[in-house]
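Below is the file coords27.cif, which contains mmCIF, C-alpha atoms.
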```cif
data_my_file
#
loop_
_atom_site.label_atom_id
_atom_site.label_comp_id
_atom_site.auth_asym_id
_atom_site.auth_seq_id
_atom_site.Cartn_x
_atom_site.Cartn_y
_atom_site.Cartn_z
CA MET P 1 -14.73 -2.67 15.18
CA THR P 2 -11.38 -3.43 16.80
CA MET P 3 -10.37 -6.22 14.36
CA ASP P 4 -8.78 -7.80 17.44
CA PRO P 5 -10.35 -11.27 17.96
CA ALA P 6 -9.91 -10.97 21.71
CA LEU P 7 -11.85 -7.69 21.86
CA GLY P 8 -14.33 -8.00 19.00
CA ASP P 9 -16.80 -5.21 18.29
CA ILE P 10 -17.71 -2.88 21.15
CA ASP P 11 -21.03 -1.12 20.80
CA GLN P 12 -20.84 2.42 22.21
CA GLY P 13 -17.20 1.80 23.03
CA ASP P 14 -14.39 4.22 23.82
CA VAL P 15 -10.77 4.32 22.65
CA LEU P 16 -8.27 6.16 24.82
CA VAL P 17 -5.12 7.44 23.10
CA ARG P 18 -2.05 8.82 24.85
CA ASP P 19 1.31 9.77 23.31
CA GLY P 20 0.35 8.26 19.99
CA ARG P 21 -0.65 4.85 21.32
CA ILE P 22 -3.89 3.17 22.28
CA VAL P 23 -3.89 2.75 26.05
CA ALA P 24 -7.42 1.44 26.65
CA VAL P 25 -10.45 0.16 24.74
CA GLY P 26 -13.85 -0.47 26.31
CA ARG P 27 -17.07 1.11 27.50
CA ASN P 28 -17.32 4.19 29.72
CA LEU P 29 -13.58 4.79 29.98
CA GLN P 30 -12.71 7.52 32.45
CA ALA P 31 -10.29 10.19 31.24
CA PRO P 32 -11.51 13.57 32.53
CA ASP P 33 -8.74 15.63 30.96
CA ALA P 34 -8.79 13.94 27.55
CA ARG P 35 -9.70 15.75 24.36
CA ARG P 36 -12.89 14.09 23.13
CA ILE P 37 -13.86 13.17 19.59
CA ASP P 38 -17.56 12.45 19.37
CA ALA P 39 -18.02 9.40 17.11
CA ARG P 40 -21.47 8.37 18.29
CA GLY P 41 -23.48 6.73 15.53
CA GLN P 42 -20.30 6.14 13.52
CA ILE P 43 -17.90 3.22 13.06
CA VAL P 44 -14.37 3.35 14.43
CA LEU P 45 -12.06 1.02 12.55
CA PRO P 46 -8.29 0.58 12.38
CA GLY P 47 -6.75 2.54 9.54
CA PHE P 48 -6.51 0.63 6.30
CA VAL P 49 -3.08 -0.66 5.27
CA ASP P 50 -2.17 -0.30 1.59
CA ALA P 51 0.34 -3.12 1.23
CA HIS P 52 1.69 -2.03 -2.18
CA ASN P 53 1.60 1.20 -4.17
CA HIS P 54 3.48 3.35 -6.70
CA LEU P 55 2.59 6.84 -5.56
CA TYR P 56 4.74 8.65 -8.12
CA VAL P 57 2.18 7.78 -10.84
CA THR P 58 -0.56 9.80 -9.09
CA THR P 59 -0.22 12.74 -11.50
CA MET P 60 -0.61 10.39 -14.49
CA ARG P 61 -4.29 9.96 -13.75
CA GLY P 62 -6.46 9.45 -16.82
CA GLN P 63 -3.51 8.77 -19.15
CA PHE P 64 -3.90 4.97 -19.21
CA ARG P 65 -6.48 4.59 -21.98
CA ASN P 66 -6.48 0.88 -22.74
CA GLN P 67 -5.97 0.46 -26.50
CA GLN P 68 -4.89 4.10 -26.86
CA GLY P 69 -2.33 4.00 -24.08
CA GLN P 70 -1.48 1.05 -21.89
CA PHE P 71 -0.08 1.45 -18.40
CA PHE P 72 3.49 0.18 -18.66
CA ALA P 73 4.39 2.05 -21.86
CA VAL P 74 2.72 5.30 -20.81
CA SER P 75 3.93 5.32 -17.22
CA SER P 76 7.51 4.53 -18.23
CA ARG P 77 7.53 7.33 -20.83
CA LEU P 78 6.15 9.91 -18.39
CA ALA P 79 8.17 8.76 -15.38
CA ALA P 80 11.43 9.35 -17.26
CA GLN P 81 10.51 13.05 -17.54
CA MET P 82 9.72 13.66 -13.87
CA THR P 83 11.90 16.10 -11.97
CA ALA P 84 12.46 15.78 -8.24
CA ASP P 85 9.77 18.44 -7.72
CA ASP P 86 7.34 16.48 -9.92
CA THR P 87 8.08 13.40 -7.83
CA TYR P 88 7.45 15.24 -4.58
CA THR P 89 4.14 16.65 -5.84
CA ALA P 90 2.86 13.30 -7.11
CA MET P 91 3.84 11.32 -4.03
CA HIS P 92 2.66 13.98 -1.58
CA LEU P 93 -0.72 14.27 -3.33
CA GLY P 94 -1.00 10.48 -3.55
CA ALA P 95 -0.27 10.00 0.15
CA LEU P 96 -2.85 12.63 1.11
CA GLU P 97 -5.41 10.90 -1.09
CA LEU P 98 -4.73 7.65 0.76
CA LEU P 99 -5.28 9.38 4.10
CA ALA P 100 -8.53 10.94 2.91
CA GLY P 101 -9.96 7.46 2.36
CA GLY P 102 -8.88 6.01 5.70
CA ILE P 103 -5.61 4.44 4.53
CA THR P 104 -3.11 5.27 7.26
CA THR P 105 -0.19 3.10 6.12
CA THR P 106 1.30 2.41 2.70
CA GLY P 107 4.04 0.24 1.28
CA ASP P 108 5.27 2.48 -1.52
CA PHE P 109 7.34 0.78 -4.24
CA PHE P 110 9.40 3.73 -5.44
CA ASP P 111 10.95 2.52 -8.69
CA ASN P 112 11.51 5.92 -10.30
CA VAL P 113 14.56 7.12 -8.37
CA LEU P 114 16.18 9.00 -11.25
CA SER P 115 18.70 10.74 -8.98
CA ALA P 116 19.60 11.27 -5.35
CA ALA P 117 17.37 14.37 -5.41
CA HIS P 118 14.44 12.18 -6.47
CA GLY P 119 15.14 9.82 -3.58
CA GLU P 120 15.14 12.69 -1.10
CA ALA P 121 11.97 14.13 -2.62
CA GLY P 122 10.08 10.86 -2.33
CA LEU P 123 10.99 10.42 1.31
CA ARG P 124 10.13 14.03 2.16
CA ALA P 125 6.76 13.76 0.37
CA LEU P 126 5.67 10.89 2.60
CA GLN P 127 7.01 12.54 5.74
CA ASP P 128 5.24 15.81 5.00
CA ALA P 129 1.95 14.04 4.31
CA GLY P 130 1.93 12.50 7.80
CA ILE P 131 1.26 8.96 6.61
CA ARG P 132 2.87 5.84 8.05
CA ALA P 133 4.89 4.19 5.31
CA THR P 134 7.58 1.82 4.25
CA LEU P 135 9.35 3.49 1.34
CA PHE P 136 10.68 0.65 -0.79
CA TYR P 137 13.59 2.33 -2.56
CA GLY P 138 14.31 1.12 -6.09
CA GLY P 139 16.07 1.92 -9.32
CA PRO P 140 15.47 4.58 -11.97
CA ASP P 141 12.87 2.63 -13.97
CA LYS P 142 10.94 -0.62 -14.24
CA THR P 143 13.71 -2.43 -16.08
CA THR P 144 16.49 -4.35 -14.39
CA ARG P 145 19.33 -2.87 -16.45
CA HIS P 146 20.31 -0.24 -13.90
CA PRO P 147 21.58 -0.77 -10.34
CA ILE P 148 19.89 0.68 -7.28
CA ASP P 149 21.81 3.45 -5.50
CA LEU P 150 22.74 1.40 -2.45
CA ILE P 151 24.77 4.25 -0.94
CA GLN P 152 21.73 6.52 -0.77
CA LEU P 153 19.51 3.68 0.38
CA GLN P 154 21.84 3.04 3.32
CA ALA P 155 22.09 6.76 4.13
CA LEU P 156 18.31 7.18 4.14
CA ALA P 157 17.84 4.04 6.22
CA GLN P 158 20.31 5.24 8.84
CA ARG P 159 18.56 8.61 9.14
CA GLN P 160 15.23 7.13 10.21
CA SER P 161 14.45 7.37 13.92
CA ALA P 162 12.81 4.55 15.81
CA ASP P 163 9.60 6.54 16.23
CA GLY P 164 9.49 7.95 12.68
CA LEU P 165 6.43 7.24 10.55
CA VAL P 166 8.43 6.46 7.40
CA HIS P 167 10.98 3.66 7.21
CA MET P 168 13.00 2.31 4.32
CA GLY P 169 12.85 -0.93 2.40
CA LEU P 170 14.19 -2.29 -0.90
CA ALA P 171 12.13 -2.19 -4.12
CA TRP P 172 13.75 -5.16 -5.78
CA ARG P 173 13.31 -6.50 -9.32
CA LEU P 174 14.36 -9.79 -10.85
CA PRO P 175 16.34 -10.04 -14.11
CA ARG P 176 14.17 -10.31 -17.21
CA ASN P 177 16.76 -12.72 -18.64
CA ARG P 178 17.17 -15.32 -15.94
CA ASP P 179 20.37 -16.59 -17.59
CA ASP P 180 22.11 -13.19 -17.23
CA ALA P 181 24.80 -13.92 -14.65
CA ASP P 182 25.97 -10.29 -14.39
CA ASN P 183 22.45 -9.05 -13.75
CA TRP P 184 21.90 -11.70 -11.09
CA ALA P 185 25.15 -10.62 -9.42
CA MET P 186 23.89 -7.03 -9.29
CA ARG P 187 20.55 -8.13 -7.91
CA GLN P 188 22.36 -10.29 -5.34
CA ARG P 189 24.30 -7.26 -4.06
CA GLU P 190 21.04 -5.36 -3.62
CA TYR P 191 19.40 -8.28 -1.80
CA ASP P 192 22.44 -8.77 0.46
CA THR P 193 22.55 -5.05 1.30
CA ALA P 194 18.89 -5.06 2.35
CA ARG P 195 19.44 -8.14 4.49
CA ARG P 196 22.52 -6.56 6.12
CA LEU P 197 20.60 -3.35 6.87
CA LYS P 198 17.61 -5.41 8.08
CA LEU P 199 15.30 -3.73 5.57
CA PRO P 200 12.15 -5.40 4.23
CA ILE P 201 12.05 -6.23 0.52
CA GLN P 202 9.22 -6.18 -2.01
CA VAL P 203 9.48 -7.84 -5.41
CA HIS P 204 6.99 -8.12 -8.28
CA VAL P 205 6.07 -11.59 -9.45
CA SER P 206 3.96 -10.80 -12.49
CA GLY P 207 3.93 -11.14 -16.24
CA GLU P 208 6.12 -14.24 -16.57
CA ALA P 209 5.17 -15.04 -13.02
CA LYS P 210 5.84 -18.76 -12.83
CA PRO P 211 9.56 -18.65 -13.79
CA MET P 212 10.00 -15.57 -11.56
CA PHE P 213 8.50 -17.35 -8.58
CA ASP P 214 10.51 -20.49 -9.36
CA ALA P 215 13.72 -18.44 -9.47
CA LEU P 216 13.01 -17.04 -6.00
CA ILE P 217 12.48 -20.55 -4.67
CA GLN P 218 15.45 -22.16 -6.40
CA ARG P 219 17.88 -19.43 -5.40
CA GLY P 220 16.75 -19.44 -1.77
CA TYR P 221 15.48 -15.86 -1.71
CA LEU P 222 12.21 -16.48 0.10
CA TYR P 223 12.29 -15.39 3.75
CA ARG P 224 10.14 -13.61 6.31
CA ASP P 225 10.88 -10.01 5.31
CA LEU P 226 10.27 -10.60 1.59
CA THR P 227 6.87 -9.59 0.18
CA LEU P 228 5.81 -10.88 -3.22
CA VAL P 229 3.47 -8.65 -5.21
CA HIS P 230 0.68 -9.94 -7.49
CA ALA P 231 1.52 -13.61 -8.23
CA THR P 232 -2.06 -13.98 -9.49
CA ASP P 233 -1.26 -17.22 -11.34
CA ALA P 234 0.97 -18.76 -8.65
CA THR P 235 0.69 -22.53 -8.27
CA PRO P 236 -0.26 -24.15 -4.97
CA GLU P 237 3.27 -25.51 -4.69
CA GLN P 238 4.79 -22.03 -5.08
CA LEU P 239 2.45 -20.54 -2.49
CA GLN P 240 3.28 -23.36 -0.10
CA ALA P 241 6.98 -22.56 -0.49
CA LEU P 242 6.26 -18.91 0.36
CA GLU P 243 4.26 -19.98 3.41
CA ARG P 244 7.02 -22.30 4.63
CA ALA P 245 9.51 -19.44 4.37
CA GLY P 246 7.20 -17.15 6.35
CA GLY P 247 7.06 -14.56 3.56
CA SER P 248 4.08 -12.43 2.63
CA LEU P 249 1.98 -11.59 -0.41
CA ALA P 250 0.36 -8.32 -1.51
CA LEU P 251 -2.59 -8.53 -3.89
CA THR P 252 -3.93 -5.53 -5.80
CA PRO P 253 -7.27 -6.65 -7.26
CA VAL P 254 -8.17 -3.49 -9.19
CA SER P 255 -4.83 -3.02 -10.94
CA GLU P 256 -4.25 -6.74 -11.51
CA GLN P 257 -7.49 -7.03 -13.39
CA ARG P 258 -7.02 -3.72 -15.18
CA VAL P 259 -3.65 -4.67 -16.72
CA GLY P 260 -4.81 -8.19 -17.55
CA TYR P 261 -2.91 -10.28 -15.03
CA GLY P 262 -6.06 -12.34 -14.54
CA LEU P 263 -8.85 -12.50 -11.99
CA THR P 264 -7.71 -11.97 -8.41
CA ARG P 265 -9.42 -14.95 -6.75
CA LEU P 266 -8.89 -14.78 -2.99
CA ASP P 267 -9.79 -18.45 -2.64
CA HIS P 268 -6.60 -19.25 -4.59
CA PHE P 269 -4.50 -17.77 -1.77
CA SER P 270 -6.15 -19.39 1.23
CA ASP P 271 -2.90 -21.12 2.23
CA VAL P 272 -1.00 -17.83 2.61
CA THR P 273 -1.14 -16.54 6.19
CA ARG P 274 0.43 -13.12 5.67
CA LEU P 275 -1.77 -11.67 2.95
CA GLY P 276 -2.72 -8.03 2.36
CA LEU P 277 -4.35 -5.75 -0.21
CA GLY P 278 -2.82 -2.81 -2.06
CA ILE P 279 -3.81 0.02 -4.38
CA ASP P 280 -0.79 -0.31 -6.76
CA GLY P 281 -0.85 3.27 -8.04
CA ASN P 282 -3.69 5.68 -7.36
CA ALA P 283 -3.84 6.59 -11.04
CA LEU P 284 -3.75 2.98 -12.24
CA ALA P 285 -6.48 1.93 -9.82
CA GLY P 286 -8.41 5.07 -10.67
CA SER P 287 -8.34 6.35 -7.10
CA ALA P 288 -6.99 5.48 -3.68
CA ASP P 289 -10.13 3.60 -2.71
CA MET P 290 -9.66 0.57 -0.46
CA PHE P 291 -13.41 0.07 -0.34
CA ALA P 292 -13.39 -0.43 -4.14
CA SER P 293 -10.62 -3.02 -3.78
CA LEU P 294 -12.62 -4.85 -1.11
CA ARG P 295 -15.76 -4.77 -3.23
CA LEU P 296 -14.01 -6.07 -6.35
CA ALA P 297 -12.30 -8.81 -4.34
CA ALA P 298 -15.65 -9.88 -2.90
CA LEU P 299 -17.42 -9.89 -6.26
CA THR P 300 -14.64 -11.81 -8.00
CA TRP P 301 -14.69 -14.33 -5.15
CA SER P 302 -18.45 -14.95 -5.36
CA GLY P 303 -18.52 -14.79 -9.15
CA GLY P 304 -15.61 -17.16 -9.56
CA LEU P 305 -17.12 -19.75 -7.25
CA LEU P 306 -20.68 -19.14 -8.47
CA SER P 307 -21.67 -18.67 -4.84
CA GLU P 308 -23.07 -15.59 -3.14
CA ALA P 309 -22.11 -17.15 0.20
CA ALA P 310 -18.40 -17.47 -0.62
CA PRO P 311 -17.11 -14.01 0.49
CA ASP P 312 -16.69 -13.23 4.17
CA PRO P 313 -16.93 -9.43 4.59
CA ARG P 314 -15.32 -9.60 8.02
CA ALA P 315 -12.34 -11.52 6.59
CA LEU P 316 -12.04 -8.97 3.80
CA LEU P 317 -11.87 -6.11 6.30
CA ARG P 318 -9.20 -8.03 8.15
CA LEU P 319 -7.14 -8.23 4.93
CA ALA P 320 -7.34 -4.46 4.58
CA THR P 321 -6.29 -3.81 8.19
CA HIS P 322 -4.49 -6.50 10.18
CA GLY P 323 -3.64 -8.49 7.05
CA GLY P 324 -1.89 -5.54 5.46
CA ALA P 325 -0.02 -4.89 8.69
CA GLU P 326 1.17 -8.50 8.73
CA THR P 327 2.23 -8.25 5.09
CA LEU P 328 4.43 -5.23 5.85
CA GLY P 329 5.77 -6.76 9.08
CA LEU P 330 4.01 -4.14 11.22
CA SER P 331 1.31 -6.16 12.95
CA ASP P 332 2.89 -5.64 16.39
CA GLU P 333 2.34 -1.91 15.93
CA ILE P 334 -0.78 -1.41 13.80
CA GLY P 335 -3.70 -3.23 12.18
CA SER P 336 -6.11 -3.49 15.10
CA ILE P 337 -7.51 -1.33 17.88
CA THR P 338 -5.52 -3.01 20.61
CA PRO P 339 -4.02 -1.42 23.74
CA GLY P 340 -0.31 -0.83 23.18
CA LYS P 341 -0.53 -0.41 19.42
CA ARG P 342 -0.11 2.84 17.52
CA ALA P 343 -3.26 4.95 17.31
CA ASP P 344 -3.93 4.64 13.58
CA LEU P 345 -7.71 4.98 13.34
CA GLN P 346 -10.49 5.94 10.96
CA VAL P 347 -14.04 7.02 11.77
CA ILE P 348 -16.70 6.22 9.18
CA ALA P 349 -19.97 8.16 9.29
CA LEU P 350 -23.23 6.42 8.45
CA ASP P 351 -25.30 9.51 7.64
CA ASP P 352 -24.38 9.82 3.94
CA VAL P 353 -26.93 8.90 1.29
CA ASN P 354 -25.01 5.78 0.16
CA LEU P 355 -25.05 4.34 3.71
CA ALA P 356 -28.55 5.42 4.72
CA GLY P 357 -31.05 2.68 5.51
CA PHE P 358 -28.79 0.54 7.70
CA ALA P 359 -30.86 -1.09 10.45
CA GLY P 360 -27.99 -2.36 12.58
CA GLY P 361 -26.28 -5.69 13.14
CA ASP P 362 -22.84 -6.60 11.85
CA PRO P 363 -21.66 -3.62 9.74
CA ALA P 364 -18.93 -5.52 7.87
CA ALA P 365 -20.99 -6.14 4.72
CA LEU P 366 -22.21 -2.53 4.78
CA LEU P 367 -18.62 -1.29 4.65
CA VAL P 368 -17.44 -3.77 2.01
CA TYR P 369 -20.35 -3.34 -0.40
CA SER P 370 -21.53 0.24 0.22
CA ALA P 371 -18.88 2.50 1.77
CA ARG P 372 -16.72 5.00 -0.12
CA PRO P 373 -13.73 7.16 0.85
CA GLU P 374 -15.89 10.24 1.35
CA ASN P 375 -17.70 8.44 4.20
CA VAL P 376 -14.44 8.52 6.20
CA ARG P 377 -14.86 11.62 8.36
CA THR P 378 -11.91 11.42 10.75
CA VAL P 379 -8.46 9.85 10.40
CA MET P 380 -5.70 9.59 12.99
CA VAL P 381 -2.10 8.44 12.45
CA GLY P 382 -0.02 7.82 15.53
CA GLY P 383 -2.43 9.90 17.57
CA ASN P 384 -2.24 12.86 15.17
CA LEU P 385 -5.45 13.99 13.51
CA VAL P 386 -4.86 14.24 9.77
CA LYS P 387 -8.56 14.44 8.86
CA GLN P 388 -11.39 15.64 11.07
CA ASN P 389 -15.05 16.21 10.35
CA GLY P 390 -14.42 15.55 6.68
CA THR P 391 -11.58 18.08 6.33
CA LEU P 392 -8.17 16.73 5.33
CA ARG P 393 -5.08 18.53 6.53
CA GLY P 394 -2.67 19.56 3.76
CA ILE P 395 -5.05 19.71 0.79
CA ASP P 396 -5.53 23.20 -0.64
CA THR P 397 -6.01 24.82 -4.01
CA GLY P 398 -2.27 25.50 -4.22
CA LEU P 399 -1.41 21.80 -4.07
CA LEU P 400 -4.06 20.91 -6.64
CA GLN P 401 -2.81 23.64 -8.97
CA ARG P 402 0.80 22.45 -8.59
CA ALA P 403 -0.31 18.90 -9.37
CA ALA P 404 -2.11 20.01 -12.54
CA GLN P 405 0.86 22.12 -13.62
CA SER P 406 3.32 19.28 -12.93
CA ALA P 407 1.23 16.78 -14.88
CA THR P 408 1.01 19.16 -17.84
CA GLN P 409 4.73 19.89 -17.87
CA VAL P 410 5.66 16.21 -17.69
CA GLN P 411 3.34 15.52 -20.64
CA GLU P 412 4.89 18.34 -22.64
CA ARG P 413 8.45 17.14 -21.99
CA ALA P 414 7.48 13.58 -22.91
CA GLN P 415 6.06 14.72 -26.26
CA LYS P 416 9.21 16.52 -27.38
CA PRO P 417 11.28 14.66 -30.00
#
```
How does the structure come out when it is put into structure tokens?
Amino acid sequence: MTMDPALGDIDQGDVLVRDGRIVAVGRNLQAPDARRIDARGQIVLPGFVDAHNHLYVTTMRGQFRNQQGQFFAVSSRLAAQMTADDTYTAMHLGALELLAGGITTTGDFFDNVLSAAHGEAGLRALQDAGIRATLFYGGPDKTTRHPIDLIQLQALAQRQSADGLVHMGLAWRLPRNRDDADNWAMRQREYDTARRLKLPIQVHVSGEAKPMFDALIQRGYLYRDLTLVHATDATPEQLQALERAGGSLALTPVSEQRVGYGLTRLDHFSDVTRLGLGIDGNALAGSADMFASLRLAALTWSGGLLSEAAPDPRALLRLATHGGAETLGLSDEIGSITPGKRADLQVIALDDVNLAGFAGGDPAALLVYSARPENVRTVMVGGNLVKQNGTLRGIDTGLLQRAAQSATQVQERAQKP
């Protein structure tokens, strides 16, 4: 399933990879000296693109207990107690979890940069995991009281090589008080710095979403490299302004519905060309499961319109692959199995009990409604195998023990008076 309209699906097809890029796609390709990966009877798909995440909350899993502990209060309290080592462990584990489920690229909104050491740790965690990422570098918490360390942001951005998997962006937030001139001036400096450095920007438009969106429009902030996140209650006029500016939108159906932002109705966003799906925190979503996001998006679509025929499974898969790549501004490099693009691939086996009984035909609905992360047997990022035959590189008992220890210690520090 190339997700390239010009190539379509290729039954019994081959993909030839050289130096990290796809060089040919078709049947019976000849490459006598190539290392072969036997994917017969399986589905080869572009890697999923997680358009928006907060990987540092990975080790907070199970702590968001609805009435007994809501996400924003709990995550803010715990995040304030994370050391640089805690940050590295959470983000490294979170990135590996993404890879295990076929997600080869993430847009990580890192808004817990408590110090320069935390910033370094977050970047190193993604690099060590081997995932492709845009690390959107933010402030020390979810408020807008504190400035972003623009000196470190620039230093990290300048260190990235052209062929590196991880690149920098700006995790930007809007003032809570939209009449606060000093806060707007600080936010303007951050925005201007990102534009000068040619870094992409992500910004949440949630909670009081309408005035936030209106402020972006009125102040002329919408442009191609700006991605809005959530905007579940955006008006048609606001979305049209985003489309005219060429900007993008990341939706996170599982988290948006969990925290009560409303139902994520894909039909509401049909006018937005550059649209992708995100996880928005492995712990908040429950797990790094793009299949679950696709399934929820499909069910909310059909349920909202009272029509089983409303969802298009093929279009949903496009949102999770090429759509996410477009959202992050990476569609020239990833998002489809196209010659010349980076070799970010996943291989999904059909011999597990939850996929058994498939008689052939278009497999898009099978993947959207039935597949799970454990069905992803092999994952490749830039030609490098990070998961093969169900075994993920980098996961061991030591990492899992460090994650449990880190989570416990953060809890203990947060409970001290």
*Expand the PyMOL selection byres ((chain P and resi 195) around 12) into the individual residues it matches in the shown file, reporting them as a list in words.*
Gln154, Gly169, Leu170, Gln188, Arg189, Glu190, Tyr191, Asp192, Thr193, Ala194, Arg196, Leu197, Lys198, Leu199, Pro200, Ile201, Tyr221, Leu222, Tyr223, Arg224, Asp225 and Leu226 of chain P
*Of the residues P:Gly383, P:Gly164, P:Gly303, P:Gly207, which is the one nearest to Glu256 (chain P), using only C-alpha atoms?*
P:Gly207
*Test item: the PyMOL selection byres ((chain P and resi 67-77) around 10) resolved as a PyMOL selection string*: chain P and resi 56-57+60+62-66+78-82+112+141-143+255+258-259+283-284+410-411+413-415
Tell me which residues the PyMOL selection byres ((chain P and resi 385) around 12) grabs here, as a CSV table (one decimal) with C-alpha atoms, in the coordinates of the input.
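Wrote expr_30.csv, looks like this:
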```
chain,number,residue,atom,x,y,z
P,17,VAL,CA,-5.1,7.4,23.1
P,20,GLY,CA,0.4,8.3,20.0
P,35,ARG,CA,-9.7,15.8,24.4
P,37,ILE,CA,-13.9,13.2,19.6
P,99,LEU,CA,-5.3,9.4,4.1
P,100,ALA,CA,-8.5,10.9,2.9
P,102,GLY,CA,-8.9,6.0,5.7
P,104,THR,CA,-3.1,5.3,7.3
P,129,ALA,CA,2.0,14.0,4.3
P,130,GLY,CA,1.9,12.5,7.8
P,131,ILE,CA,1.3,9.0,6.6
P,343,ALA,CA,-3.3,5.0,17.3
P,344,ASP,CA,-3.9,4.6,13.6
P,345,LEU,CA,-7.7,5.0,13.3
P,346,GLN,CA,-10.5,5.9,11.0
P,347,VAL,CA,-14.0,7.0,11.8
P,377,ARG,CA,-14.9,11.6,8.4
P,378,THR,CA,-11.9,11.4,10.8
P,379,VAL,CA,-8.5,9.8,10.4
P,380,MET,CA,-5.7,9.6,13.0
P,381,VAL,CA,-2.1,8.4,12.4
P,382,GLY,CA,0.0,7.8,15.5
P,383,GLY,CA,-2.4,9.9,17.6
P,384,ASN,CA,-2.2,12.9,15.2
P,386,VAL,CA,-4.9,14.2,9.8
P,387,LYS,CA,-8.6,14.4,8.9
P,388,GLN,CA,-11.4,15.6,11.1
P,389,ASN,CA,-15.0,16.2,10.4
P,390,GLY,CA,-14.4,15.6,6.7
P,391,THR,CA,-11.6,18.1,6.3
P,392,LEU,CA,-8.2,16.7,5.3
P,393,ARG,CA,-5.1,18.5,6.5
P,394,GLY,CA,-2.7,19.6,3.8
```
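Residues in contact with Leu367 (chain P) at up to 9 Å, not including ones fewer than 2 positions away on its chain and judged by all atoms listed in the file, are Phe291, Pro313, Leu317, Ile348, Leu355, Pro363, Ala364, Ala365, Tyr369, Ser370, Ala371 and Arg372 of chain P.
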Quick one: axis-aligned box around all listed atoms of region 64-83 of chain P, 5 Å on every side, centre and edge lengths in Å to one decimal, written as AutoDock Vina command-line options.
```
--center_x 2.7 --center_y 8.1 --center_z -19.4 --size_x 28.4 --size_y 25.9 --size_z 24.9
```
_Nearest to Gly304 (chain P) by atom-to-atom distance, counting only C-alpha atoms, from P:Leu263, P:Ala349, P:Leu123, P:Ala407_ = P:Leu263
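With CA of Ala6 (chain P) on one side and CA of Thr338 (chain P) on the other, the separation reads 9.2 Å.
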*From the set P:Asn282, P:Leu266, P:Val254, P:Thr273, which residue has the shortest atom-to-atom contact distance to Thr106 (chain P), counting only C-alpha atoms?*
P:Asn282
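Computed from the coordinates, the CA of Glu97 (chain P) to CA of Asp396 (chain P) distance equals 12.3 Å.
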*asked:* One decimal, in Å: what's the spacing between CA of Arg187 (chain P) and CA of Val272 (chain P)?
replied: 25.9 Å
